[in-house]
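Undergrad: Mind looking over this structure? Questions follow.
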Amino acid sequence: MPVEISRPTKRVLAMAASTWLSCAPLWGQGPAVKPPAAKHAPAAAPDVSTKASNAPVAPALTQEDISVFLDGFMPQQIEQADIAGAVVAIVKDGHLLFSRGYGYSDYGKKVPVSAENTLFRPGSISKLFTWTSVMQLVEQGKLQLDRDVNDYLDFKLPATFGKPTTLRDIMTHRPGLEETIKNLFEASDKDLRPLAEYLPAHLPNQIFPPGTIPAYSNYATTVAAYIVQRVSGQAFEEYVEQHIFQPLNMNHATFRQPLPENLKASMSNGYTRASQGAKPFENIEVAPAGSLSASAESMSHFMIAHLQNGHYGDGEILKPETAIQMYARQDGWPATMNAQALGFYEETRNGHRIIGHGGDTEYFHSDLHLIPDTNLGFFVSYNSAGRNDVSPREVLFQKFLDRYFPFSVPNDPTLSTAAEDAKQVVGWYDVSRGFKTNILSVLTLLGEAKIVVDKKDNTIFIDDTFKNPNGVPKHFRVIGPMLFRDVDGQDKLAFVKDANGHFICYIDFPFMVFQKIENPLNQTIFNYVILGFSLGVIALTLLFWPVSAILRWHYGKPLTLDPRSKRIRLILRVICALDLVFVITFAIAFSSLEKLGGLGPHGDFWLHLIQVVGVLGAIGSLYAILAAVVTWSEKQPWVWYRVWNVLLAFACVGFFWFAYHWHMFNFNLRY
């Protein structure tokens with residue numbers, strides 16, 4: 001459940017069907033629960049204080065007006081984006097104000113979505129249940145947020161930087177762990193392994209000191225759930241059922257895989273696009289990080305409980321003081337930017353501090369937003385990715401806010417240092433959430449982002465990473481010291497230098513950052529030049545082999561090389577073939593992220609075989625150098641033959657460097 005940016009998100013990341021009919025109105029009224037007296041902690045929320053005096057008057061936030069608004073917006077959105085179905089739930093002041101399904105849970109059979117009964121997969125919103133479970137045990141004194149998590153585990157998280165990892169680090173996505181996706185999804189529920197087996201076998205490297213750089217981690221969340229399991233003495237899914245689902249009357253919610261028999265018929269299909277047919281149920285190995293299946297109505301109970309500091313009706317999942325602690329902004333982020341709470345992350349929109357979480361599986365895409373100062377919660381889930389470049393759920397929520405919480409962005413002046421500030425931050429950046437030391441490191445290269453300055457107005461933009469709904473890249477102007485804001489909206493970028501003097505770019509999603517790439521050997525252009533030159537020469541060498549043979553035959557010109565030169569020529573072409581086989585098979589093996597989980601241990605043999613081919617090609621680089629020296633020292637009738645062998649030697653060495661530098665020869669297949 002990689003989170004969109006998409007977070008993101010590859011970021012991220014990110015991250016409608018034809019002729020839709022919205023389903024019949026499915027109104028639901030939650031229990032009339034009065035919020036407790038306890039209030040949320042007054043956590044600092046950046047840029048929420050200025051609202052234009054001429055802002056339009058908002059329509060009343062009523063069931064009737066929301067119905068008119070969403071019934072006009074949602075069917076059109078899902079149809080245009082080729083999405084099968086969606087569901088929306090809105091809670092206010094302890095009640096379910098609005099819930100409705102749109103489109104179909106089974107597009108082929110035209111089964112309408114029910115907000116009450118249809119199960120969606122909220123992806124990483126599942127993590128909020130894990131974090132709530134952790135806070136319950138903190139409340140009971142069984143866990144401590146700032147204690148070394150290895151004290152609770154039967155295996156050890158690395159302390160690579162000489163500093164222990166704590167639950168606070170994990171809940172703020174700062175355990176410093178490298179991304180890992182091996183076995184993230186499994187083809188069958190029979191392939192799912194217990195957490196006690198999965199976690200030690202997939203332990204990633206620690207690439208940042210804990211408590212420093214945010215780098216979103218499904219693995220670390222699963223570690224937290226395993227701690228809950230060990231300390232409570234209950235399997236995680238049983239713990240959540242007893243301590244969260246039951247007190248909140250969440251009767252259409254489960255972490256279990258496969259689904260319990262009484263819920264199977266309620267499960268929505270998942271789709272890439274509605275027009276492309278239904279996909280199989282996704283079996284998620286890191287279940288506490290993303291395996292939740294729940295109806296919108298059940299999710300509304302969860303939102304109400306958190307908006308009321310842990311209370312829903314007569315049920316209690318957290319004491320008010322624990323809930324307030326959970327929602328508080330944590331240290332470590334620039335004061336001008338959103339920060340992590342404990343599990344929840346901040347979103348600042350339309351003058352309000354919002355806490356929430358997004359979630360993505362391969363097919364389901366969801367968001368949960370809580371606005372504590374208005375006691376409002378908003379949940380949306382789509383059962384298809386659709387075909388839009390811009391996140392449909394992001395557009396929906398912003399439209400909702402603009403309607404009911406109208407806001408004008410403060411007209412802060414552009415600083416006089418705009419040109420100099422923009423000049424300082426331009427360059428290549430990579431995201432902290434990624435692969436740095438394992439076999440998938442090359443994907444980090446492919447995901448690098450470039451910050452560019454528009455010299456016309458000294459704004460900056462990040463190539464194709466952040467876009468407006470019209471698909472045009474967002475431009476950011478300087479409004480504070482190294483603080484940039486979207487010229488057409490509210491998104492912000494803040495640049496802070498680390499201990500080494502290198503820029504870190506903080507974005508609106510606080511669970512990851514972009515780090516400026518100072519080493520030119522890691523920058524995209526340099527690597528593309530090396531790889532392009534190397535593969536170009538290697539491929540042309542193989543292509544010219546049969547072509548030259550055909551031309552010689554056609555013109556009756558035999559190959560005038562002595563036996564040793566012919567042997568060298570043949571071996572060089574074998575080396576070229578090995579290099580091409582390696583890169584092609586490697587690309588096929590990792591052509592799409594959704595297949596990576598499926599490779600799992602079953603694919604290790606084939607990956608090792610591919611790596612062996614690559615190593616043989618790399619060894620061949622030494623032979624290519626020797627062949628170039630030998631060829632140049634001999635008197636050959638054609639000087640271009642000698643020149644080409646020199647070029648080929650450089651190409652083989654360049655390709656070897658690229659594969660080695662990006663860890664493609666790493667035989668430790670923890671990725």
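Residues are named by chain letter and number: chains run A, B, ... in the order of the structure tokens, numbers start at 1 in each chain, and ligands are numbered from 1 in the order shown.
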Considering only C-alpha atoms, return as a ChimeraX atom specification whatever protein or nucleic-acid residues lie within 8 Å of segment 415-431 of chain A, sequence-local ones (same chain, fewer than 2 positions apart) excluded.
TA: /A:11,413,433-434,444-445,447-453,458-460,477-480,482,495,503,512-517,523-524
Undergrad: Tell me which protein, DNA and RNA residues are within 8 Å of segment 261-275 of chain A, counting only C-alpha atoms, leaving out same-chain ones fewer than 3 positions away, and put them as a list in words.
TA: Ala16, Ala17, Ser18, Asp82, Ile83, Ala84, Ser105, Asp106, Tyr107, Val113, Asn117, Thr118, Leu119, Phe120, His252, Ala278, Lys279, Pro280, Phe281, Ser293, Glu362, Tyr363, Phe364, Asn383, Ser384, Ala385, Gly386 and Arg387 of chain A
Undergrad: Please report, as JSON, numbers by chain, each residue of segment 168-349 of chain A to which DSSP assigns helix (DSSP H, G or I) when run on this structure's backbone.
TA: {"A": [168, 169, 170, 171, 189, 190, 191, 195, 196, 197, 198, 199, 200, 201, 218, 219, 220, 221, 222, 223, 224, 225, 226, 227, 228, 229, 230, 231, 232, 236, 237, 238, 239, 240, 241, 242, 243, 244, 245, 261, 262, 263, 264, 274, 275, 276, 287, 288, 289, 290, 296, 297, 298, 299, 300, 301, 302, 303, 304, 305, 306, 307, 320, 321, 322, 323, 324, 325, 326, 327]}
Undergrad: Go ahead and dump the residues you just picked, C-alpha atoms, as a CSV table (one decimal), in the first residue's frame.
TA:
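Produced file again-v6.csv, reproduced below:
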chain,number,residue,atom,x,y,z
A,168,ARG,CA,7.7,7.2,18.3
A,169,ASP,CA,10.2,6.9,15.4
A,170,ILE,CA,8.0,4.2,13.8
A,171,MET,CA,4.7,6.1,14.3
A,189,ASP,CA,-3.9,-16.4,0.8
A,190,LYS,CA,-2.2,-19.7,1.3
A,191,ASP,CA,1.1,-18.0,0.6
A,195,LEU,CA,4.4,-12.0,11.1
A,196,ALA,CA,6.8,-13.9,13.2
A,197,GLU,CA,8.2,-15.5,10.1
A,198,TYR,CA,7.8,-12.6,7.6
A,199,LEU,CA,9.5,-9.8,9.6
A,200,PRO,CA,12.9,-11.4,10.4
A,201,ALA,CA,13.1,-12.8,6.8
A,218,ASN,CA,5.0,-0.4,5.6
A,219,TYR,CA,7.6,-2.8,7.2
A,220,ALA,CA,8.0,-0.6,10.3
A,221,THR,CA,4.2,-0.4,10.7
A,222,THR,CA,4.0,-4.1,10.6
A,223,VAL,CA,6.8,-4.3,13.3
A,224,ALA,CA,4.6,-2.1,15.5
A,225,ALA,CA,1.6,-4.4,15.0
A,226,TYR,CA,3.8,-7.4,15.8
A,227,ILE,CA,4.7,-5.7,19.1
A,228,VAL,CA,1.0,-5.2,19.8
A,229,GLN,CA,0.6,-8.9,19.1
A,230,ARG,CA,3.4,-10.0,21.4
A,231,VAL,CA,2.6,-7.7,24.3
A,232,SER,CA,-1.2,-8.3,24.2
A,236,PHE,CA,-3.2,-8.7,15.6
A,237,GLU,CA,-6.5,-9.2,13.8
A,238,GLU,CA,-8.1,-10.6,16.9
A,239,TYR,CA,-6.8,-7.7,19.0
A,240,VAL,CA,-8.3,-5.1,16.6
A,241,GLU,CA,-11.6,-7.0,16.5
A,242,GLN,CA,-11.9,-7.1,20.3
A,243,HIS,CA,-10.5,-3.7,21.2
A,244,ILE,CA,-11.6,-1.5,18.2
A,245,PHE,CA,-14.2,-3.1,16.0
A,261,GLU,CA,-17.7,-16.2,5.2
A,262,ASN,CA,-20.2,-13.7,6.5
A,263,LEU,CA,-18.4,-10.8,4.7
A,264,LYS,CA,-17.3,-12.3,1.4
A,274,ALA,CA,-13.8,-0.5,-14.9
A,275,SER,CA,-13.7,-1.2,-18.6
A,276,GLN,CA,-10.8,-3.7,-18.2
A,287,ALA,CA,-1.6,-7.0,6.8
A,288,PRO,CA,-1.5,-4.4,9.7
A,289,ALA,CA,-0.2,-1.9,7.2
A,290,GLY,CA,-3.0,-2.3,4.6
A,296,ALA,CA,-18.0,3.3,4.6
A,297,GLU,CA,-20.5,3.2,7.5
A,298,SER,CA,-18.1,1.2,9.7
A,299,MET,CA,-15.3,3.7,8.8
A,300,SER,CA,-17.7,6.5,9.9
A,301,HIS,CA,-17.8,5.0,13.4
A,302,PHE,CA,-14.0,5.1,13.5
A,303,MET,CA,-13.9,8.7,12.4
A,304,ILE,CA,-16.5,9.7,15.0
A,305,ALA,CA,-14.5,8.0,17.8
A,306,HIS,CA,-11.3,9.9,16.9
A,307,LEU,CA,-13.1,13.2,16.5
A,320,PRO,CA,-9.2,11.6,26.0
A,321,GLU,CA,-5.7,12.4,27.2
A,322,THR,CA,-4.3,9.6,25.2
A,323,ALA,CA,-6.2,10.6,22.1
A,324,ILE,CA,-5.0,14.2,22.5
A,325,GLN,CA,-1.4,13.0,22.7
A,326,MET,CA,-1.9,10.9,19.6
A,327,TYR,CA,-3.2,13.9,17.5
Undergrad: Using DSSP on the backbone coordinates, identify all residues within segment 62-281 of chain A classified as strand (DSSP E); present the result as a ChimeraX atom specification.
TA: /A:85-92,95-106,111-112,185-186,253-254,270-271,278-279
Undergrad: Which distance in Å separates atom CA of Ala618 of chain A and atom CA of Ser633 of chain A, to one decimal?
TA: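 Here the two named atoms are 23.8 Å from each other.
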Undergrad: Considering only C-alpha atoms, can you say which of A:Ile181, A:Ala159, A:Ala235, A:Leu578 comes closest to Asn205 of chain A?
TA: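 Counting only C-alpha atoms, the residue closest to Asn205 of chain A is A:Ala159.
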Undergrad: Skipping near chain neighbours, those fewer than 2 positions away, what residues fall within 8 Å of Asn338 of chain A using only C-alpha atoms, listed as a list in words?
TA: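 Counting only the stated atoms, we get Ala45, Pro46, Trp333, Pro334, Ala335, Thr336, Gln340, Tyr345, Glu346, Glu347, Thr348, Ile507, Asp508, Phe509 and Pro510 of chain A.
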Undergrad: With only C-alpha atoms as the basis for distance, which of A:Arg642, A:Arg256, A:Lys319, A:Arg349 is at the shortest distance from Ala294 of chain A?
TA: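 The closest residue to Ala294 of chain A is A:Arg256.
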Undergrad: Show me, as a list in words, the residues that have an atom within 9 Å of Arg569 of chain A when counting only C-alpha atoms, minus same-chain residues fewer than 4 positions from it.
TA: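 The residues satisfying every condition are Arg564, Ser565, Arg573, Val574, Ala627 and Asn645 of chain A.
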